[in-house]
Structures are given as C-alpha cells and as structure tokens.
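Peer 1: Next comes the structure file model07.pdb, holding PDB, C-alpha atoms.
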ATOM      1  CA  MET U   1      63.874  10.150  21.103  1.00  0.00           C
ATOM      2  CA  GLY U   2      60.615  11.259  19.587  1.00  0.00           C
ATOM      3  CA  TYR U   3      61.054   9.625  16.178  1.00  0.00           C
ATOM      4  CA  PRO U   4      58.301   7.611  14.496  1.00  0.00           C
ATOM      5  CA  PRO U   5      59.232   3.893  14.576  1.00  0.00           C
ATOM      6  CA  TYR U   6      59.484   3.615  10.786  1.00  0.00           C
ATOM      7  CA  ILE U   7      62.280   6.212  10.824  1.00  0.00           C
ATOM      8  CA  ILE U   8      64.367   3.948  13.053  1.00  0.00           C
ATOM      9  CA  ALA U   9      63.639   0.703  11.201  1.00  0.00           C
ATOM     10  CA  SER U  10      61.273  -0.245   8.419  1.00  0.00           C
ATOM     11  CA  ASN U  11      58.967  -3.222   8.792  1.00  0.00           C
ATOM     12  CA  GLN U  12      61.171  -5.047   6.285  1.00  0.00           C
ATOM     13  CA  LEU U  13      64.291  -4.395   8.341  1.00  0.00           C
ATOM     14  CA  LEU U  14      62.548  -5.606  11.501  1.00  0.00           C
ATOM     15  CA  ALA U  15      61.470  -8.775   9.679  1.00  0.00           C
ATOM     16  CA  ASP U  16      65.025  -9.312   8.404  1.00  0.00           C
ATOM     17  CA  ILE U  17      66.420  -8.875  11.919  1.00  0.00           C
ATOM     18  CA  ALA U  18      63.923 -11.401  13.295  1.00  0.00           C
ATOM     19  CA  LYS U  19      64.646 -13.922  10.518  1.00  0.00           C
ATOM     20  CA  SER U  20      68.428 -13.681  10.685  1.00  0.00           C
ATOM     21  CA  ASN U  21      68.767 -13.327  14.482  1.00  0.00           C
ATOM     22  CA  PRO U  22      72.173 -11.617  14.285  1.00  0.00           C
ATOM     23  CA  LYS U  23      74.552 -12.468  17.120  1.00  0.00           C
ATOM     24  CA  ASN U  24      76.960  -9.548  16.755  1.00  0.00           C
ATOM     25  CA  ILE U  25      77.418  -6.129  15.185  1.00  0.00           C
ATOM     26  CA  GLU U  26      79.086  -7.591  12.099  1.00  0.00           C
ATOM     27  CA  GLU U  27      76.087  -9.822  11.351  1.00  0.00           C
ATOM     28  CA  LEU U  28      73.656  -6.992  12.085  1.00  0.00           C
ATOM     29  CA  SER U  29      75.538  -4.634   9.772  1.00  0.00           C
ATOM     30  CA  GLN U  30      75.094  -7.069   6.860  1.00  0.00           C
ATOM     31  CA  LEU U  31      71.352  -6.431   6.802  1.00  0.00           C
ATOM     32  CA  LYS U  32      70.039  -4.035   4.174  1.00  0.00           C
ATOM     33  CA  GLY U  33      68.982  -0.858   5.935  1.00  0.00           C
ATOM     34  CA  MET U  34      71.389  -1.163   8.872  1.00  0.00           C
ATOM     35  CA  GLY U  35      73.830   1.568   7.978  1.00  0.00           C
ATOM     36  CA  LYS U  36      76.738   2.806  10.059  1.00  0.00           C
ATOM     37  CA  ARG U  37      74.596   5.396  11.841  1.00  0.00           C
ATOM     38  CA  LYS U  38      71.917   2.893  12.861  1.00  0.00           C
ATOM     39  CA  ILE U  39      74.578   0.447  13.989  1.00  0.00           C
ATOM     40  CA  LYS U  40      76.209   3.179  16.082  1.00  0.00           C
ATOM     41  CA  ASP U  41      72.948   4.463  17.547  1.00  0.00           C
ATOM     42  CA  TYR U  42      70.975   1.242  17.986  1.00  0.00           C
ATOM     43  CA  GLY U  43      73.155  -1.788  17.243  1.00  0.00           C
ATOM     44  CA  GLU U  44      74.061  -2.869  20.766  1.00  0.00           C
ATOM     45  CA  GLU U  45      70.529  -2.290  22.021  1.00  0.00           C
ATOM     46  CA  ILE U  46      69.040  -4.355  19.183  1.00  0.00           C
ATOM     47  CA  LEU U  47      71.417  -7.215  19.963  1.00  0.00           C
ATOM     48  CA  LEU U  48      70.567  -7.038  23.666  1.00  0.00           C
ATOM     49  CA  ILE U  49      66.837  -7.123  22.907  1.00  0.00           C
ATOM     50  CA  LEU U  50      67.321 -10.178  20.683  1.00  0.00           C
ATOM     51  CA  GLU U  51      69.458 -11.933  23.283  1.00  0.00           C
ATOM     52  CA  ASN U  52      66.888 -11.309  26.024  1.00  0.00           C
ATOM     53  CA  PHE U  53      64.018 -12.383  23.783  1.00  0.00           C
ATOM     54  CA  TYR U  54      65.641 -15.661  22.788  1.00  0.00           C
ATOM     55  CA  ASP U  55      66.664 -16.346  26.402  1.00  0.00           C
ATOM     56  CA  VAL U  56      62.981 -16.192  27.345  1.00  0.00           C
ATOM     57  CA  LEU U  57      62.156 -18.739  24.642  1.00  0.00           C
ATOM     58  CA  LYS U  58      64.695 -21.302  25.865  1.00  0.00           C
ATOM     59  CA  PRO U  59      63.081 -24.378  27.405  1.00  0.00           C
ATOM     60  CA  LEU U  60      63.404 -24.734  31.165  1.00  0.00           C
TER      61      LEU U  60
END
Take the structure from the file and write it as structure tokens.
Peer 2:
Amino acid sequence: MGYPPYIIASNQLLADIAKSNPKNIEELSQLKGMGKRKIKDYGEEILLILENFYDVLKPL
C-alpha cells in the first residue's frame, strides 16, 4: 500500500498483539490502537498471520 509500517501499527501495538495472541476479531479489537478502520483493513490478515506463525511453532 505504500505506507510506512508505523502508520499501520506502532511497535507497542505489535508487542501487544504478540503478547495477547488474539484468536478472533473481538479479541483483536480490544487492543489499544486497533480501531474500527484497522480492524476492517487488516484484522483478518493479522489473525491469519498469527495462526500461521503459531502453527509453525507447534511441536511435531
């Protein structure tokens, strides 16, 4: 999209997402900095990234 990363999500928001590991849009929307627009534009993609990341970490 051509936006600097900090416009999409601050370092603090990224840390909060990593710490809380939200499982759905409702949980993601509870994080400070995840407004309605960010949820609409990026929410599903963020959840998919988290799901894929944690799938990789599962033991075989």
Peer 1: With distances taken over only C-alpha atoms, which residue among U:Leu57, U:Glu26, U:Met34, U:Leu50 lies nearest Ile7 (chain U)?
Peer 2: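 Looking at the shortest contact to Ile7 (chain U), the residue is U:Met34.
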Peer 1: Please list as a list of chain:residue names every residue within 12 Å of Asn24 (chain U), counting all atoms listed in the file and excluding residues in the same chain fewer than 5 positions away.
Peer 2: U:Ile17, U:Ser29, U:Gln30, U:Leu31, U:Ile39, U:Gly43, U:Glu44, U:Glu45, U:Ile46, U:Leu47, U:Leu48, U:Leu50, U:Glu51
Peer 1: By how many Å are CA of Gly35 (chain U) and CA of Asn11 (chain U) apart?
Peer 2: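 CA of Gly35 (chain U) sits 15.6 Å away from CA of Asn11 (chain U).
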Peer 1: Quick one: of U:Ile49, U:Arg37, U:Tyr42, U:Lys32, who's nearest to Ala15 (chain U), counting only C-alpha atoms?
Peer 2: U:Lys32
Peer 1: From the set U:Ile25, U:Tyr6, U:Ala18, U:Asp55, which residue has the shortest atom-to-atom contact distance to Asp41 (chain U), counting all atoms listed in the file?
Peer 2: U:Ile25
